[in-house]
>>> print(open('query-v3.cif').read())   # mmCIF, C-alpha atoms
data_coords
loop_
_atom_site.group_PDB
_atom_site.id
_atom_site.type_symbol
_atom_site.label_atom_id
_atom_site.label_comp_id
_atom_site.auth_asym_id
_atom_site.auth_seq_id
_atom_site.Cartn_x
_atom_site.Cartn_y
_atom_site.Cartn_z
ATOM 1 C CA MET J 1 77.248 141.715 158.686
ATOM 2 C CA ALA J 2 75.470 145.042 158.348
ATOM 3 C CA ILE J 3 74.165 146.759 161.468
ATOM 4 C CA ARG J 4 71.212 148.782 160.334
ATOM 5 C CA PHE J 5 67.696 149.754 161.329
ATOM 6 C CA THR J 6 65.075 150.566 158.733
ATOM 7 C CA ALA J 7 62.452 153.271 158.767
ATOM 8 C CA PRO J 8 59.519 150.852 158.307
ATOM 9 C CA ALA J 9 60.789 148.801 161.230
ATOM 10 C CA ALA J 10 60.925 151.797 163.545
ATOM 11 C CA VAL J 11 57.473 153.005 162.514
ATOM 12 C CA ALA J 12 56.077 149.528 163.130
ATOM 13 C CA PHE J 13 57.699 149.451 166.563
ATOM 14 C CA ILE J 14 56.342 152.812 167.651
ATOM 15 C CA SER J 15 52.808 152.152 166.398
ATOM 16 C CA CYS J 16 52.529 148.516 167.559
ATOM 17 C CA ALA J 17 54.961 148.404 170.507
ATOM 18 C CA SER J 18 56.614 145.416 168.864
ATOM 19 C CA LEU J 19 58.703 144.520 165.861
ATOM 20 C CA ALA J 20 56.113 142.202 164.405
ATOM 21 C CA SER J 21 57.496 142.294 160.890
ATOM 22 C CA THR J 22 61.084 143.526 161.116
ATOM 23 C CA SER J 23 64.058 143.558 163.461
ATOM 24 C CA ALA J 24 67.093 145.680 164.204
ATOM 25 C CA VAL J 25 69.456 143.825 161.919
ATOM 26 C CA ALA J 26 67.099 141.811 159.742
ATOM 27 C CA ALA J 27 67.478 142.026 155.992
ATOM 28 C CA GLU J 28 63.942 143.333 155.615
ATOM 29 C CA ASN J 29 63.220 146.783 154.222
ATOM 30 C CA GLY J 30 66.592 147.622 152.719
ATOM 31 C CA ASN J 31 69.087 146.012 155.085
ATOM 32 C CA THR J 32 71.698 143.576 153.860
ATOM 33 C CA GLN J 33 73.497 140.542 155.251
ATOM 34 C CA TYR J 34 76.770 141.955 153.882
ATOM 35 C CA SER J 35 78.411 145.012 155.461
ATOM 36 C CA PRO J 36 78.747 147.614 152.673
ATOM 37 C CA GLY J 37 82.206 149.153 152.588
ATOM 38 C CA ALA J 38 83.935 146.170 154.197
ATOM 39 C CA SER J 39 86.078 145.228 151.177
ATOM 40 C CA GLN J 40 88.103 148.460 150.923
ATOM 41 C CA PHE J 41 91.547 147.636 149.425
ATOM 42 C CA PHE J 42 90.974 143.915 149.950
ATOM 43 C CA SER J 43 88.853 143.878 146.784
ATOM 44 C CA GLY J 44 90.728 141.736 144.284
ATOM 45 C CA ASN J 45 93.559 141.267 146.771
ATOM 46 C CA VAL J 46 93.705 137.513 147.315
ATOM 47 C CA PRO J 47 97.384 136.717 148.084
ATOM 48 C CA PRO J 48 99.181 134.976 145.191
ATOM 49 C CA TYR J 49 101.114 132.679 147.536
ATOM 50 C CA PRO J 50 99.473 129.427 148.746
ATOM 51 C CA GLY J 51 98.799 129.216 152.461
ATOM 52 C CA PHE J 52 96.479 130.479 155.168
ATOM 53 C CA TYR J 53 95.836 134.123 156.012
ATOM 54 C CA LEU J 54 93.887 136.051 158.638
ATOM 55 C CA LEU J 55 92.058 139.335 158.161
ATOM 56 C CA SER J 56 90.752 140.843 161.399
ATOM 57 C CA GLN J 57 88.188 143.607 160.850
ATOM 58 C CA THR J 58 87.018 145.574 163.879
ATOM 59 C CA SER J 59 84.188 148.009 163.185
ATOM 60 C CA TYR J 60 82.074 150.478 165.141
ATOM 61 C CA THR J 61 78.778 151.683 163.708
ATOM 62 C CA SER J 62 76.676 154.521 165.108
ATOM 63 C CA ALA J 63 73.481 156.055 163.736
ATOM 64 C CA ASP J 64 70.714 158.231 165.174
ATOM 65 C CA ARG J 65 68.893 159.089 161.953
ATOM 66 C CA LEU J 66 66.278 157.165 159.966
ATOM 67 C CA ASN J 67 65.433 158.178 156.400
ATOM 68 C CA ASP J 68 62.333 157.632 154.288
ATOM 69 C CA GLY J 69 62.255 156.534 150.658
ATOM 70 C CA LYS J 70 63.286 160.022 149.492
ATOM 71 C CA GLY J 71 66.272 160.275 151.800
ATOM 72 C CA ASP J 72 64.560 162.711 154.184
ATOM 73 C CA ARG J 73 64.918 162.349 157.933
ATOM 74 C CA LEU J 74 61.976 160.840 159.786
ATOM 75 C CA PRO J 75 60.838 162.327 163.138
ATOM 76 C CA ILE J 76 61.707 159.192 165.102
ATOM 77 C CA ASP J 77 63.749 159.080 168.312
ATOM 78 C CA PHE J 78 66.183 156.283 167.597
ATOM 79 C CA ASP J 79 69.768 155.218 168.169
ATOM 80 C CA VAL J 80 71.807 152.164 167.199
ATOM 81 C CA ARG J 81 75.417 151.376 168.088
ATOM 82 C CA ALA J 82 77.325 148.229 167.262
ATOM 83 C CA LYS J 83 80.815 146.932 167.860
ATOM 84 C CA VAL J 84 81.742 144.043 165.570
ATOM 85 C CA GLU J 85 84.848 141.866 165.453
ATOM 86 C CA THR J 86 84.961 139.963 162.170
ATOM 87 C CA LEU J 87 87.535 137.227 161.581
ATOM 88 C CA ARG J 88 88.143 136.263 157.957
ATOM 89 C CA LEU J 89 90.065 132.989 157.663
ATOM 90 C CA ILE J 90 91.399 132.761 154.100
ATOM 91 C CA GLY J 91 92.956 129.763 152.393
ATOM 92 C CA VAL J 92 94.799 129.972 149.050
ATOM 93 C CA SER J 93 95.402 126.714 147.183
ATOM 94 C CA PRO J 94 98.404 125.936 144.946
ATOM 95 C CA ASN J 95 95.911 124.457 142.479
ATOM 96 C CA HIS J 96 94.430 126.355 139.535
ATOM 97 C CA LEU J 97 91.151 126.293 137.611
ATOM 98 C CA LEU J 98 90.477 128.287 134.437
ATOM 99 C CA GLY J 99 93.880 129.898 134.934
ATOM 100 C CA GLY J 100 93.017 131.211 138.397
ATOM 101 C CA GLN J 101 94.108 130.167 141.870
ATOM 102 C CA ILE J 102 91.487 128.369 143.922
ATOM 103 C CA TRP J 103 90.764 130.097 147.226
ATOM 104 C CA GLY J 104 88.154 130.159 149.975
ATOM 105 C CA GLN J 105 87.300 131.857 153.233
ATOM 106 C CA LEU J 106 85.192 131.562 156.377
ATOM 107 C CA ILE J 107 83.885 134.815 157.883
ATOM 108 C CA LEU J 108 82.944 134.811 161.581
ATOM 109 C CA PRO J 109 81.440 138.065 162.968
ATOM 110 C CA ILE J 110 80.929 138.664 166.707
ATOM 111 C CA VAL J 111 78.604 141.591 167.437
ATOM 112 C CA ASP J 112 77.840 143.720 170.499
ATOM 113 C CA LEU J 113 74.614 145.523 169.561
ATOM 114 C CA ASP J 114 72.692 148.281 171.378
ATOM 115 C CA THR J 115 69.434 149.597 169.909
ATOM 116 C CA ARG J 116 66.897 152.146 171.145
ATOM 117 C CA VAL J 117 63.586 153.226 169.613
ATOM 118 C CA GLY J 118 61.754 155.829 171.691
ATOM 119 C CA PRO J 119 61.729 154.717 175.347
ATOM 120 C CA VAL J 120 62.439 151.070 174.545
ATOM 121 C CA SER J 121 65.963 149.664 174.261
ATOM 122 C CA ASP J 122 67.591 146.278 173.816
ATOM 123 C CA SER J 123 71.119 144.895 173.593
ATOM 124 C CA ARG J 124 72.607 141.587 172.473
ATOM 125 C CA THR J 125 76.085 140.098 172.130
ATOM 126 C CA GLY J 126 76.989 137.010 170.151
ATOM 127 C CA LEU J 127 77.795 135.373 166.848
ATOM 128 C CA ALA J 128 76.106 136.994 163.865
ATOM 129 C CA ASP J 129 75.490 135.345 160.491
ATOM 130 C CA SER J 130 78.648 133.680 159.158
ATOM 131 C CA THR J 131 79.745 133.544 155.521
ATOM 132 C CA LEU J 132 81.413 130.808 153.481
ATOM 133 C CA THR J 133 83.206 131.708 150.229
ATOM 134 C CA GLY J 134 84.728 129.818 147.342
ATOM 135 C CA GLY J 135 86.358 131.430 144.337
ATOM 136 C CA LEU J 136 89.191 132.033 141.887
ATOM 137 C CA ALA J 137 91.930 134.692 141.747
ATOM 138 C CA TRP J 138 94.065 135.873 138.829
ATOM 139 C CA HIS J 139 97.268 137.946 139.022
ATOM 140 C CA ASP J 140 98.782 139.838 136.086
ATOM 141 C CA GLY J 141 101.556 142.206 137.141
ATOM 142 C CA LYS J 142 99.966 145.197 138.866
ATOM 143 C CA ASN J 143 96.460 143.949 138.042
ATOM 144 C CA ASN J 144 94.600 141.496 140.264
ATOM 145 C CA TYR J 145 91.177 139.951 139.673
ATOM 146 C CA VAL J 146 88.899 137.918 141.936
ATOM 147 C CA PHE J 147 85.667 135.985 141.588
ATOM 148 C CA GLY J 148 83.862 134.500 144.556
ATOM 149 C CA LEU J 149 80.500 133.202 145.685
ATOM 150 C CA ASP J 150 79.649 134.275 149.220
ATOM 151 C CA ILE J 151 77.013 132.221 151.026
ATOM 152 C CA GLY J 152 75.541 134.089 153.988
ATOM 153 C CA MET J 153 74.508 131.464 156.541
ATOM 154 C CA ASN J 154 71.774 131.636 159.170
ATOM 155 C CA THR J 155 74.046 131.186 162.207
ATOM 156 C CA GLY J 156 73.264 134.231 164.367
ATOM 157 C CA SER J 157 70.856 134.409 167.296
ATOM 158 C CA TYR J 158 67.384 135.571 166.245
ATOM 159 C CA GLN J 159 64.011 135.904 167.944
ATOM 160 C CA HIS J 160 60.905 137.186 166.195
ATOM 161 C CA GLY J 161 59.674 140.413 167.830
ATOM 162 C CA ARG J 162 62.994 141.157 169.567
ATOM 163 C CA LEU J 163 64.407 144.645 169.042
ATOM 164 C CA ALA J 164 68.073 143.615 168.721
ATOM 165 C CA ASN J 165 69.069 140.485 166.816
ATOM 166 C CA PRO J 166 72.658 139.478 165.932
ATOM 167 C CA GLY J 167 71.263 137.131 163.262
ATOM 168 C CA GLN J 168 68.845 137.792 160.406
ATOM 169 C CA ASN J 169 67.054 134.429 160.206
ATOM 170 C CA HIS J 170 67.665 133.824 156.510
ATOM 171 C CA TRP J 171 70.382 132.915 154.001
ATOM 172 C CA SER J 172 71.835 134.885 151.092
ATOM 173 C CA PHE J 173 73.807 134.105 147.932
ATOM 174 C CA GLN J 174 76.260 136.753 146.756
ATOM 175 C CA PRO J 175 78.269 136.325 143.531
ATOM 176 C CA THR J 176 81.093 138.877 143.657
ATOM 177 C CA ILE J 177 83.813 140.166 141.345
ATOM 178 C CA GLY J 178 86.768 142.275 142.470
ATOM 179 C CA TYR J 179 89.622 144.190 140.884
ATOM 180 C CA GLN J 180 92.753 145.790 142.300
ATOM 181 C CA TYR J 181 95.464 147.856 140.611
ATOM 182 C CA LEU J 182 98.554 148.021 142.810
ATOM 183 C CA ASP J 183 101.738 149.991 142.276
ATOM 184 C CA PRO J 184 103.686 149.688 145.565
ATOM 185 C CA GLN J 185 105.379 153.044 144.919
ATOM 186 C CA ALA J 186 102.414 155.002 143.559
ATOM 187 C CA TRP J 187 98.677 154.600 142.949
ATOM 188 C CA VAL J 188 96.443 151.798 144.154
ATOM 189 C CA ALA J 189 92.762 151.380 143.309
ATOM 190 C CA ALA J 190 90.283 148.640 144.127
ATOM 191 C CA ALA J 191 86.598 147.874 143.668
ATOM 192 C CA SER J 192 84.258 144.964 144.267
ATOM 193 C CA LEU J 193 80.782 144.466 142.842
ATOM 194 C CA ARG J 194 78.378 142.001 144.418
ATOM 195 C CA TYR J 195 74.818 140.933 143.694
ATOM 196 C CA ILE J 196 72.886 139.778 146.775
ATOM 197 C CA VAL J 197 69.935 137.388 146.607
ATOM 198 C CA ASN J 198 68.161 136.958 149.957
ATOM 199 C CA THR J 199 66.024 134.007 151.013
ATOM 200 C CA LYS J 200 62.809 134.338 153.017
ATOM 201 C CA ASN J 201 62.652 134.993 156.741
ATOM 202 C CA HIS J 202 60.020 132.361 157.502
ATOM 203 C CA ASP J 203 59.255 133.797 160.953
ATOM 204 C CA THR J 204 58.047 137.055 159.369
ATOM 205 C CA ASP J 205 57.092 135.739 155.897
ATOM 206 C CA TYR J 206 59.308 138.502 154.501
ATOM 207 C CA THR J 207 61.877 138.441 151.692
ATOM 208 C CA SER J 208 64.213 141.359 151.074
ATOM 209 C CA GLY J 209 64.736 142.352 147.445
ATOM 210 C CA ASP J 210 67.930 141.784 145.484
ATOM 211 C CA GLU J 211 70.741 144.253 146.152
ATOM 212 C CA VAL J 212 73.833 145.493 144.351
ATOM 213 C CA VAL J 213 76.794 146.733 146.429
ATOM 214 C CA LEU J 214 79.861 148.484 145.027
ATOM 215 C CA ASP J 215 82.785 148.926 147.428
ATOM 216 C CA TYR J 216 85.526 151.275 146.224
ATOM 217 C CA ALA J 217 88.952 152.507 147.319
ATOM 218 C CA ILE J 218 91.632 154.694 145.758
ATOM 219 C CA GLY J 219 94.894 155.801 147.330
ATOM 220 C CA TYR J 220 98.564 156.635 146.946
ATOM 221 C CA ASN J 221 101.504 154.782 148.486
ATOM 222 C CA ILE J 222 104.199 156.850 150.207
ATOM 223 C CA GLY J 223 106.919 154.556 151.522
ATOM 224 C CA SER J 224 105.288 152.156 153.970
ATOM 225 C CA SER J 225 102.148 154.299 154.241
ATOM 226 C CA ARG J 226 99.082 154.777 152.091
ATOM 227 C CA LEU J 227 96.583 157.658 152.123
ATOM 228 C CA SER J 228 93.226 156.813 150.593
ATOM 229 C CA VAL J 229 89.537 157.438 150.060
ATOM 230 C CA VAL J 230 87.141 154.516 150.606
ATOM 231 C CA GLY J 231 83.398 153.934 150.665
ATOM 232 C CA TYR J 232 80.430 152.127 149.178
ATOM 233 C CA LEU J 233 77.358 152.478 146.975
ATOM 234 C CA LEU J 234 74.289 150.314 147.642
ATOM 235 C CA ASP J 235 71.204 150.011 145.447
ATOM 236 C CA GLN J 236 68.320 147.607 146.004
ATOM 237 C CA VAL J 237 67.143 146.583 142.530
ATOM 238 C CA SER J 238 63.968 144.613 143.297
ATOM 239 C CA ASP J 239 61.074 145.074 145.716
ATOM 240 C CA ASP J 240 60.745 143.480 149.114
ATOM 241 C CA GLU J 241 57.981 140.896 149.430
ATOM 242 C CA GLY J 242 55.927 140.428 152.571
ATOM 243 C CA PRO J 243 53.688 142.186 155.098
ATOM 244 C CA GLY J 244 53.860 145.982 155.219
ATOM 245 C CA VAL J 245 55.758 146.566 151.965
ATOM 246 C CA GLY J 246 55.188 150.117 150.696
ATOM 247 C CA SER J 247 54.339 151.170 147.163
ATOM 248 C CA ASP J 248 58.031 151.792 146.425
ATOM 249 C CA GLY J 249 58.955 148.261 147.477
ATOM 250 C CA ASN J 250 60.888 149.515 150.520
ATOM 251 C CA ARG J 251 63.982 149.666 148.322
ATOM 252 C CA GLY J 252 67.072 150.608 150.314
ATOM 253 C CA ARG J 253 69.857 152.791 148.964
ATOM 254 C CA GLY J 254 73.011 154.261 150.437
ATOM 255 C CA PHE J 255 76.290 156.017 149.717
ATOM 256 C CA ALA J 256 79.315 156.442 151.985
ATOM 257 C CA ILE J 257 82.746 158.020 151.616
ATOM 258 C CA GLY J 258 85.655 158.751 153.914
ATOM 259 C CA PRO J 259 89.429 158.764 154.510
ATOM 260 C CA SER J 260 91.677 155.775 155.135
ATOM 261 C CA TYR J 261 95.253 155.262 156.302
ATOM 262 C CA THR J 262 97.319 152.090 155.832
ATOM 263 C CA TYR J 263 100.719 151.084 157.211
ATOM 264 C CA ARG J 264 102.596 148.099 155.797
ATOM 265 C CA PHE J 265 105.120 146.451 158.133
ATOM 266 C CA ALA J 266 108.406 145.202 156.682
ATOM 267 C CA SER J 267 107.676 141.755 158.143
ATOM 268 C CA GLY J 268 104.480 141.466 156.079
ATOM 269 C CA PRO J 269 101.379 142.417 158.136
ATOM 270 C CA GLU J 270 99.261 145.361 157.016
ATOM 271 C CA LEU J 271 97.297 147.631 159.375
ATOM 272 C CA SER J 272 94.641 150.042 158.134
ATOM 273 C CA THR J 273 91.950 152.287 159.552
ATOM 274 C CA SER J 274 89.109 154.168 157.908
ATOM 275 C CA TRP J 275 86.040 156.297 158.591
ATOM 276 C CA GLN J 276 83.092 155.946 156.232
ATOM 277 C CA HIS J 277 80.417 158.643 156.523
ATOM 278 C CA GLU J 278 77.034 157.866 155.011
ATOM 279 C CA THR J 279 76.068 161.001 153.089
ATOM 280 C CA HIS J 280 72.758 159.668 151.752
ATOM 281 C CA THR J 281 70.460 156.738 152.521
ATOM 282 C CA GLU J 282 66.901 155.751 151.630
ATOM 283 C CA HIS J 283 64.784 153.393 153.746
ATOM 284 C CA ARG J 284 67.811 152.927 155.999
ATOM 285 C CA SER J 285 69.518 154.410 159.004
ATOM 286 C CA GLN J 286 72.247 156.966 158.275
ATOM 287 C CA GLY J 287 75.417 157.301 160.312
ATOM 288 C CA ASN J 288 79.114 156.502 160.480
ATOM 289 C CA ILE J 289 81.254 153.365 160.327
ATOM 290 C CA PHE J 290 84.797 153.174 161.697
ATOM 291 C CA TRP J 291 87.085 150.316 160.647
ATOM 292 C CA LEU J 292 90.364 148.891 161.977
ATOM 293 C CA ASN J 293 91.829 146.105 159.814
ATOM 294 C CA LEU J 294 94.819 143.823 160.362
ATOM 295 C CA ALA J 295 95.916 141.415 157.611
ATOM 296 C CA LEU J 296 98.644 138.807 158.110
ATOM 297 C CA LYS J 297 99.859 135.401 156.949
ATOM 298 C CA LEU J 298 99.422 132.545 159.424
#
>>> encode(input="query-v3.cif", output="structure tokens")
Amino acid sequence: MAIRFTAPAAVAFISCASLASTSAVAAENGNTQYSPGASQFFSGNVPPYPGFYLLSQTSYTSADRLNDGKGDRLPIDFDVRAKVETLRLIGVSPNHLLGGQIWGQLILPIVDLDTRVGPVSDSRTGLADSTLTGGLAWHDGKNNYVFGLDIGMNTGSYQHGRLANPGQNHWSFQPTIGYQYLDPQAWVAAASLRYIVNTKNHDTDYTSGDEVVLDYAIGYNIGSSRLSVVGYLLDQVSDDEGPGVGSDGNRGRGFAIGPSYTYRFASGPELSTSWQHETHTEHRSQGNIFWLNLALKL
């Protein structure tokens, strides 16, 4: 899940003393039910061996800046901090379809969220919106390809008018393709491209526009270690629909980049950490995301 706060939401809060049309982590006004930058080197990296796998992703997000539609900072006193533990339970089947292995996953995020706008603050802890995925994976030497359909489910706690909400009160459908080039003794590169279609939040009569998210990673393997650069690019490609939508459709955009380090244990597990700094956002908060990932076979 993405922990964000949008400029229109903050303005609405300050002027109306309530979040009548948006919330701290709702998909309105440029937010997304997917966490941009989460894929990293896991793009295209579905294991070729049948069985069950676990990917634990621990993230910490902090932001104290809200940007307008031009990427300029708004004069709003605001702060959001979130600690998220996301468990990805992955199953790889021995069966094939269209030449690819059948696979699926269940994503369960637990969030501890603290939000402040001006003198008002709120905090919540609990299950956020879960995701169910089904897809296919192909492996050809050093090249790996993945297709999946992520279904973002309305499972998180949500209350209209509340400042902090673990859930977003809607569903999303996210067809995704991924690619990874892996040379264990040299270069590795990965990217995933997803198209996000959001359903309506019926409590606010608001529908976020369609979004495109590109996660990227490139690095070099040195023995059991890997030094890398990771990040994301987000572009909202259609207007929001609902109360308070601006003339530019409240289209959210963002770009992040940062370093990553990975260590691969001889027994199989892989541990990685990264820092992704958001260098530019529009209609979104701007800050930093820290990741700690552990991947292992069950």
>>> resolve_selection(input="query-v3.cif", expression="the PyMOL selection byres ((chain J and resi 147) around 7)", output="list in words")
Gly135, Leu136, Ala137, Val146, Gly148, Thr176, Ile177 and Gly178 of chain J
>>> residues_around(input="query-v3.cif", residues="Tyr232 in chain J", least_positions_apart="4", cutoff="8 Å", atoms="only C-alpha atoms", output="NGL selection string")
:J and (36-37 or 213-216 or 254-257)
>>> closest_atom_pairs(input="query-v3.cif", of="range 163-246 of chain J", to="range 73-90 of chain J", cutoff="12 Å", atoms="all atoms listed in the file", output="CSV")
residue,atom,partner,partner_atom,distance
J:Leu163,CA,J:Val80,CA,10.7
J:Ala164,CA,J:Val80,CA,9.5
J:Asn165,CA,J:Ala82,CA,11.3
J:Pro166,CA,J:Ala82,CA,10.0
>>> resolve_selection(input="query-v3.cif", expression="the PyMOL selection byres ((chain J and resi 110) around 10)", output="PyMOL selection string")
chain J and resi 1+58+83-87+108-109+111-113+125-130+156+166
>>> atom_distance(input="query-v3.cif", atom1="CA of Gly167 in chain J", atom2="CA of Ser62 in chain J")
18.3 Å
>>> atom_distance(input="query-v3.cif", atom1="CA of Ser56 in chain J", atom2="CA of Gly152 in chain J")
18.2 Å
>>> closest_residue(input="query-v3.cif", among="J:Phe52, J:Trp187, J:Phe173, J:Trp275", to="Ile289 in chain J", atoms="all atoms listed in the file")
J:Trp275
>>> resolve_selection(input="query-v3.cif", expression="the PyMOL selection byres ((chain J and resi 218) around 9)", output="list in words")
Gln40, Phe41, Trp187, Val188, Ala189, Ala190, Ala191, Tyr216, Ala217, Gly219, Tyr220, Leu227, Ser228, Val229 and Val230 of chain J
>>> closest_residue(input="query-v3.cif", among="J:Gln57, J:Ser225, J:Thr281, J:Ser39", to="Tyr261 in chain J", atoms="all atoms listed in the file")
J:Ser225
>>> closest_residue(input="query-v3.cif", among="J:Glu270, J:Thr131, J:Gly231, J:Gly118", to="Lys297 in chain J", atoms="only C-alpha atoms")
J:Glu270
>>> closest_residue(input="query-v3.cif", among="J:Arg194, J:His139, J:Arg116, J:His283", to="Gly246 in chain J", atoms="all atoms listed in the file")
J:His283
>>> closest_residue(input="query-v3.cif", among="J:Tyr53, J:Tyr60, J:Tyr206, J:Tyr158", to="Ala38 in chain J", atoms="all atoms listed in the file")
J:Tyr60
>>> atom_distance(input="query-v3.cif", atom1="CA of Trp138 in chain J", atom2="CA of Gln101 in chain J")
6.5 Å
>>> axis_aligned_box(input="query-v3.cif", around="range 207-224 of chain J", padding_each_side="8 Å", output="JSON")
{"center_x": 84.4, "center_y": 147.6, "center_z": 149.2, "size_x": 61.0, "size_y": 34.4, "size_z": 25.6}
>>> closest_residue(input="query-v3.cif", among="J:Asp150, J:Glu282, J:Asp64, J:Asp239", to="Gly252 in chain J", atoms="all atoms listed in the file")
J:Glu282
